[in-house]
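The file target.cif contains mmCIF, C-alpha atoms; chains and numbers go by the auth columns:
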data_data
loop_
_atom_site.group_PDB
_atom_site.id
_atom_site.type_symbol
_atom_site.label_atom_id
_atom_site.label_comp_id
_atom_site.label_asym_id
_atom_site.label_seq_id
_atom_site.Cartn_x
_atom_site.Cartn_y
_atom_site.Cartn_z
_atom_site.B_iso_or_equiv
_atom_site.auth_seq_id
_atom_site.auth_asym_id
ATOM 1 C CA MET A 1 -35.499 -13.202 6.626 0.00 1 A
ATOM 2 C CA SER A 2 -36.828 -12.798 3.109 0.00 2 A
ATOM 3 C CA SER A 3 -35.237 -10.429 0.641 0.00 3 A
ATOM 4 C CA ILE A 4 -38.140 -7.966 0.956 0.00 4 A
ATOM 5 C CA GLU A 5 -38.019 -7.676 4.746 0.00 5 A
ATOM 6 C CA THR A 6 -36.097 -4.772 6.209 0.00 6 A
ATOM 7 C CA ARG A 7 -33.947 -4.779 9.281 0.00 7 A
ATOM 8 C CA SER A 8 -35.005 -2.447 12.015 0.00 8 A
ATOM 9 C CA ALA A 9 -31.608 -2.026 13.680 0.00 9 A
ATOM 10 C CA ASP A 10 -29.374 0.800 12.535 0.00 10 A
ATOM 11 C CA PRO A 11 -26.216 -0.261 10.705 0.00 11 A
ATOM 12 C CA PRO A 12 -22.951 0.119 12.660 0.00 12 A
ATOM 13 C CA ASN A 13 -21.576 3.664 12.690 0.00 13 A
ATOM 14 C CA PRO A 14 -18.184 3.847 10.905 0.00 14 A
ATOM 15 C CA LEU A 15 -17.458 7.152 12.643 0.00 15 A
ATOM 16 C CA ASP A 16 -16.575 5.137 15.741 0.00 16 A
ATOM 17 C CA VAL A 17 -13.751 3.509 13.757 0.00 17 A
ATOM 18 C CA VAL A 18 -12.495 6.918 12.537 0.00 18 A
ATOM 19 C CA GLN A 19 -12.613 8.360 16.050 0.00 19 A
ATOM 20 C CA ALA A 20 -10.501 5.463 17.338 0.00 20 A
ATOM 21 C CA LEU A 21 -8.063 5.960 14.430 0.00 21 A
ATOM 22 C CA ALA A 22 -7.754 9.694 15.184 0.00 22 A
ATOM 23 C CA THR A 23 -7.221 9.050 18.885 0.00 23 A
ATOM 24 C CA ARG A 24 -4.570 6.399 18.199 0.00 24 A
ATOM 25 C CA ASN A 25 -2.656 8.796 15.894 0.00 25 A
ATOM 26 C CA GLY A 26 -3.051 11.877 18.093 0.00 26 A
ATOM 27 C CA TRP A 27 -4.949 13.836 15.445 0.00 27 A
ATOM 28 C CA PRO A 28 -7.256 16.556 16.700 0.00 28 A
ATOM 29 C CA PHE A 29 -10.870 15.924 15.762 0.00 29 A
ATOM 30 C CA GLU A 30 -14.308 17.332 16.329 0.00 30 A
ATOM 31 C CA ASP A 31 -17.304 15.076 16.675 0.00 31 A
ATOM 32 C CA THR A 32 -20.260 17.172 15.563 0.00 32 A
ATOM 33 C CA GLY A 33 -22.569 14.990 17.607 0.00 33 A
ATOM 34 C CA GLY A 34 -24.373 13.837 14.515 0.00 34 A
ATOM 35 C CA ASP A 35 -23.241 11.834 11.554 0.00 35 A
ATOM 36 C CA GLU A 36 -19.965 13.641 10.914 0.00 36 A
ATOM 37 C CA ILE A 37 -16.484 13.857 12.386 0.00 37 A
ATOM 38 C CA VAL A 38 -13.817 16.357 11.293 0.00 38 A
ATOM 39 C CA LEU A 39 -10.107 15.533 11.561 0.00 39 A
ATOM 40 C CA LEU A 40 -7.311 18.073 11.344 0.00 40 A
ATOM 41 C CA VAL A 41 -4.172 16.597 9.806 0.00 41 A
ATOM 42 C CA LYS A 42 -0.932 18.447 9.125 0.00 42 A
ATOM 43 C CA GLY A 43 0.635 17.550 5.779 0.00 43 A
ATOM 44 C CA ARG A 44 3.876 18.565 4.066 0.00 44 A
ATOM 45 C CA CYS A 45 2.123 20.967 1.695 0.00 45 A
ATOM 46 C CA ALA A 46 -0.897 22.095 3.704 0.00 46 A
ATOM 47 C CA ASP A 47 -3.096 21.483 6.697 0.00 47 A
ATOM 48 C CA TYR A 48 -6.078 19.312 5.818 0.00 48 A
ATOM 49 C CA GLN A 49 -9.607 19.246 7.164 0.00 49 A
ATOM 50 C CA ILE A 50 -11.024 15.786 6.616 0.00 50 A
ATOM 51 C CA PHE A 51 -14.754 15.378 6.938 0.00 51 A
ATOM 52 C CA PHE A 52 -16.065 11.839 7.406 0.00 52 A
ATOM 53 C CA THR A 53 -19.833 11.658 7.019 0.00 53 A
ATOM 54 C CA TRP A 54 -22.032 8.623 7.654 0.00 54 A
ATOM 55 C CA MET A 55 -25.115 8.747 5.437 0.00 55 A
ATOM 56 C CA ARG A 56 -27.267 6.141 7.143 0.00 56 A
ATOM 57 C CA SER A 57 -30.143 6.166 4.680 0.00 57 A
ATOM 58 C CA LEU A 58 -27.763 5.414 1.793 0.00 58 A
ATOM 59 C CA GLU A 59 -25.417 3.202 3.833 0.00 59 A
ATOM 60 C CA LEU A 60 -22.647 5.365 2.427 0.00 60 A
ATOM 61 C CA PHE A 61 -19.507 6.500 4.228 0.00 61 A
ATOM 62 C CA HIS A 62 -18.190 9.699 2.638 0.00 62 A
ATOM 63 C CA LEU A 63 -14.837 11.450 2.991 0.00 63 A
ATOM 64 C CA ALA A 64 -14.161 15.025 1.894 0.00 64 A
ATOM 65 C CA CYS A 65 -10.652 16.452 2.293 0.00 65 A
ATOM 66 C CA ALA A 66 -10.325 20.219 1.987 0.00 66 A
ATOM 67 C CA PHE A 67 -7.262 22.410 2.135 0.00 67 A
ATOM 68 C CA ASP A 68 -6.684 26.135 2.163 0.00 68 A
ATOM 69 C CA LEU A 69 -6.667 26.970 -1.511 0.00 69 A
ATOM 70 C CA LYS A 70 -9.339 29.249 -2.921 0.00 70 A
ATOM 71 C CA ALA A 71 -9.699 29.755 -6.635 0.00 71 A
ATOM 72 C CA THR A 72 -9.946 33.301 -7.845 0.00 72 A
ATOM 73 C CA GLU A 73 -12.799 33.889 -10.255 0.00 73 A
ATOM 74 C CA ARG A 74 -10.435 34.459 -13.187 0.00 74 A
ATOM 75 C CA ARG A 75 -8.523 31.162 -12.583 0.00 75 A
ATOM 76 C CA ARG A 76 -11.539 28.899 -11.989 0.00 76 A
ATOM 77 C CA SER A 77 -11.814 27.785 -15.589 0.00 77 A
ATOM 78 C CA GLU A 78 -8.156 26.705 -15.670 0.00 78 A
ATOM 79 C CA LEU A 79 -8.552 24.992 -12.279 0.00 79 A
ATOM 80 C CA GLN A 80 -11.579 23.096 -13.615 0.00 80 A
ATOM 81 C CA GLN A 81 -9.423 21.904 -16.485 0.00 81 A
ATOM 82 C CA LEU A 82 -6.710 20.817 -14.031 0.00 82 A
ATOM 83 C CA VAL A 83 -9.295 18.932 -11.940 0.00 83 A
ATOM 84 C CA ALA A 84 -10.418 17.084 -15.091 0.00 84 A
ATOM 85 C CA LEU A 85 -6.813 16.189 -16.011 0.00 85 A
ATOM 86 C CA ILE A 86 -6.093 14.921 -12.495 0.00 86 A
ATOM 87 C CA ASN A 87 -9.338 12.935 -12.253 0.00 87 A
ATOM 88 C CA GLU A 88 -8.511 11.134 -15.515 0.00 88 A
ATOM 89 C CA GLN A 89 -5.506 9.621 -13.702 0.00 89 A
ATOM 90 C CA LEU A 90 -7.317 8.514 -10.530 0.00 90 A
ATOM 91 C CA TRP A 91 -8.743 5.088 -9.826 0.00 91 A
ATOM 92 C CA LEU A 92 -10.160 5.961 -6.434 0.00 92 A
ATOM 93 C CA GLY A 93 -11.887 9.195 -5.451 0.00 93 A
ATOM 94 C CA HIS A 94 -11.931 12.495 -7.308 0.00 94 A
ATOM 95 C CA PHE A 95 -11.231 16.197 -6.924 0.00 95 A
ATOM 96 C CA ASP A 96 -13.968 18.825 -7.097 0.00 96 A
ATOM 97 C CA LEU A 97 -13.914 22.578 -7.372 0.00 97 A
ATOM 98 C CA TRP A 98 -16.871 23.721 -5.290 0.00 98 A
ATOM 99 C CA SER A 99 -18.770 26.416 -7.139 0.00 99 A
ATOM 100 C CA PRO A 100 -19.927 28.582 -4.224 0.00 100 A
ATOM 101 C CA ASP A 101 -16.462 29.588 -3.010 0.00 101 A
ATOM 102 C CA GLY A 102 -13.861 27.957 -5.284 0.00 102 A
ATOM 103 C CA THR A 103 -12.587 25.511 -2.662 0.00 103 A
ATOM 104 C CA VAL A 104 -10.705 22.469 -3.930 0.00 104 A
ATOM 105 C CA VAL A 105 -11.881 19.243 -2.290 0.00 105 A
ATOM 106 C CA PHE A 106 -10.907 15.595 -2.670 0.00 106 A
ATOM 107 C CA ARG A 107 -13.844 13.209 -2.212 0.00 107 A
ATOM 108 C CA GLN A 108 -14.423 9.481 -2.054 0.00 108 A
ATOM 109 C CA ALA A 109 -17.029 7.148 -0.634 0.00 109 A
ATOM 110 C CA LEU A 110 -17.338 3.641 0.726 0.00 110 A
ATOM 111 C CA LEU A 111 -20.596 1.759 0.235 0.00 111 A
ATOM 112 C CA LEU A 112 -21.505 -0.230 3.347 0.00 112 A
ATOM 113 C CA ALA A 113 -24.710 -1.875 2.123 0.00 113 A
ATOM 114 C CA GLY A 114 -26.355 -4.643 4.110 0.00 114 A
ATOM 115 C CA GLN A 115 -25.234 -3.279 7.470 0.00 115 A
ATOM 116 C CA SER A 116 -21.570 -3.869 6.670 0.00 116 A
ATOM 117 C CA CYS A 117 -18.978 -2.424 9.024 0.00 117 A
ATOM 118 C CA ALA A 118 -16.097 -0.209 7.990 0.00 118 A
ATOM 119 C CA SER A 119 -12.869 -1.834 9.150 0.00 119 A
ATOM 120 C CA PRO A 120 -9.941 0.128 10.559 0.00 120 A
ATOM 121 C CA SER A 121 -7.976 -0.881 7.441 0.00 121 A
ATOM 122 C CA GLN A 122 -10.643 0.517 5.118 0.00 122 A
ATOM 123 C CA CYS A 123 -10.731 3.814 7.028 0.00 123 A
ATOM 124 C CA GLU A 124 -6.924 4.026 7.002 0.00 124 A
ATOM 125 C CA VAL A 125 -6.867 3.434 3.240 0.00 125 A
ATOM 126 C CA MET A 126 -9.531 6.093 2.645 0.00 126 A
ATOM 127 C CA LEU A 127 -7.624 8.606 4.734 0.00 127 A
ATOM 128 C CA GLY A 128 -4.213 7.649 3.345 0.00 128 A
ATOM 129 C CA THR A 129 -5.434 7.873 -0.243 0.00 129 A
ATOM 130 C CA ALA A 130 -6.933 11.311 0.350 0.00 130 A
ATOM 131 C CA LEU A 131 -3.793 12.667 1.999 0.00 131 A
ATOM 132 C CA ASP A 132 -1.415 11.143 -0.563 0.00 132 A
ATOM 133 C CA LEU A 133 -3.346 12.545 -3.508 0.00 133 A
ATOM 134 C CA CYS A 134 -3.808 15.969 -1.943 0.00 134 A
ATOM 135 C CA GLU A 135 -0.094 16.168 -1.189 0.00 135 A
ATOM 136 C CA ARG A 136 0.796 15.003 -4.699 0.00 136 A
ATOM 137 C CA TYR A 137 -1.449 17.457 -6.551 0.00 137 A
ATOM 138 C CA TYR A 138 -1.396 20.473 -4.204 0.00 138 A
ATOM 139 C CA PRO A 139 1.587 21.982 -6.078 0.00 139 A
ATOM 140 C CA ALA A 140 -0.306 21.677 -9.380 0.00 140 A
ATOM 141 C CA PHE A 141 -3.172 23.743 -7.970 0.00 141 A
ATOM 142 C CA GLN A 142 -0.628 26.315 -6.763 0.00 142 A
ATOM 143 C CA PHE A 143 0.961 26.444 -10.229 0.00 143 A
ATOM 144 C CA VAL A 144 -2.402 27.196 -11.838 0.00 144 A
ATOM 145 C CA LEU A 145 -3.106 29.940 -9.313 0.00 145 A
ATOM 146 C CA ALA A 146 0.326 31.369 -10.264 0.00 146 A
ATOM 147 C CA ASN A 147 -0.900 31.666 -13.893 0.00 147 A
ATOM 148 C CA GLN A 148 0.444 28.431 -15.372 0.00 148 A
ATOM 149 C CA SER A 149 -1.809 26.372 -17.613 0.00 149 A
ATOM 150 C CA ALA A 150 -3.432 23.180 -16.380 0.00 150 A
ATOM 151 C CA GLU A 151 -1.265 21.172 -18.790 0.00 151 A
ATOM 152 C CA GLU A 152 1.944 22.799 -17.503 0.00 152 A
ATOM 153 C CA ALA A 153 0.891 22.228 -13.907 0.00 153 A
ATOM 154 C CA ILE A 154 0.062 18.549 -14.382 0.00 154 A
ATOM 155 C CA ALA A 155 3.316 18.007 -16.262 0.00 155 A
ATOM 156 C CA ALA A 156 5.295 19.626 -13.454 0.00 156 A
ATOM 157 C CA VAL A 157 3.867 17.335 -10.759 0.00 157 A
ATOM 158 C CA SER A 158 4.001 14.245 -12.958 0.00 158 A
ATOM 159 C CA LEU A 159 7.776 14.258 -13.295 0.00 159 A
ATOM 160 C CA GLU A 160 9.279 11.207 -11.650 0.00 160 A
ATOM 161 C CA THR A 161 12.585 11.754 -9.895 0.00 161 A
ATOM 162 C CA ALA A 162 15.245 9.107 -9.580 0.00 162 A
ATOM 163 C CA GLY A 163 17.310 8.795 -6.435 0.00 163 A
ATOM 164 C CA GLU A 164 17.734 11.502 -3.807 0.00 164 A
ATOM 165 C CA ALA A 165 19.192 14.954 -3.971 0.00 165 A
#
Translate the structure of the given file into structure tokens.
Amino acid sequence: MSSIETRSADPPNPLDVVQALATRNGWPFEDTGGDEIVLLVKGRCADYQIFFTWMRSLELFHLACAFDLKATERRRSELQQLVALINEQLWLGHFDLWSPDGTVVFRQALLLAGQSCASPSQCEVMLGTALDLCERYYPAFQFVLANQSAEEAIAAVSLETAGEA
């Protein structure tokens, strides 16, 4: 096959891997019947809705993790600053503050070009990264909503503790 020929077969659907992962872990999920599956995962800080979307035309597998935290109009500017401070520290994925309703969302994507398949390990890492980061920074978002500055909030969640209490 030359480099200018296209393959007619659809690339493998990574949502099948996520569905198997959810079933194995006993996580409730909803298959929308299209190119998206929604998992419901209970965390320590919040309950998370995790949207996995397969964008066939781009060969892109996208994860969006949302949690129940809505920014009030007067705190959105400070939350945007917090999002920027957090994102400066991340190597994988990023947080967004969605403009229409002030929802905080963690997002990341996996490029599966050339009909690559998403492995169970890759899906587990995507999900684990999203949950770990949401759990780590959820308190910072709460601090900002409670009228602390973005700098104070990031400092509060960045403290490393030694040992156990």
Per residue of range 25-100 of chain A within 9 Å of range 111-124 of chain A, what are the shortest atom pair and its distance in Å to one decimal, counting only C-alpha atoms, with rows by chain and residue number, as a tab-separated table?
residue	atom	partner	partner_atom	distance
A:Leu58	CA	A:Ala113	CA	7.9
A:Glu59	CA	A:Leu112	CA	5.2
A:Leu60	CA	A:Leu111	CA	4.7
A:Phe61	CA	A:Leu111	CA	6.3
A:His62	CA	A:Leu111	CA	8.6
Taking the point (3.6, 19.5, -16.2) as given in the file, collect each protein or nucleic acid residue that comes within 12 Å of it, counting all atoms listed in the file, and present the set as a PyMOL selection string.
chain A and resi 82+85-86+137+139-141+143-144+148-160
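With distances restricted to only C-alpha atoms, A:Gln108 is the closest residue to Trp91 in chain A from A:Arg74, A:Asp16, A:Gln108, A:Leu40.
In this structure, CA of Thr72 in chain A sits 11.4 Å away from CA of Leu97 in chain A.
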Could you tell me which residues the PyMOL selection byres ((chain A and resi 28) around 8) returns for this structure, as a ChimeraX atom specification?
/A:22-23,26-27,29-30,39-41
Name every residue that the PyMOL selection byres ((chain A and resi 96) around 7) selects in this structure, writing the answer as a ChimeraX atom specification with chains first and numbers rising.
/A:83,94-95,97-98,104-106
Do you have the CA of Ile50 in chain A-CA of Gly128 in chain A distance handy?
11.1 Å
Using 4 Å of padding on each side, determine the axis-aligned box around all atoms of range 92-102 of chain A present in the file and give its centre and edge lengths in Å to one decimal, as lines of an AutoDock Vina configuration file.
center_x = -15.0
center_y = 17.8
center_z = -5.2
size_x = 17.8
size_y = 31.6
size_z = 12.4
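For the atom pair formed by CA of Arg107 in chain A and CA of Trp54 in chain A, the distance is 13.6 Å, given to one decimal.
The smallest atom-to-atom distance between Val125 in chain A and any of A:Leu63, A:Leu90, A:Leu15, A:Met55, using only C-alpha atoms, is found for A:Leu63.
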Pick out the closest residue to Leu145 in chain A from this set: A:Ser57, A:Ser77, A:Gln89, A:Gln49. Count all atoms listed in the file.
A:Ser77
Name the residues within 9 Å of (-25.5, 13.1, 12.9), counting all atoms listed in the file in the file's coordinates, and put them as a PyMOL selection string.
chain A and resi 32-36+53-55
Going by the chain IDs and residue numbers used in this file, which residues fall under the PyMOL selection byres ((chain A and resi 46) around 8)? Write them as a ChimeraX atom specification.
/A:42-45,47-48,67-68,135
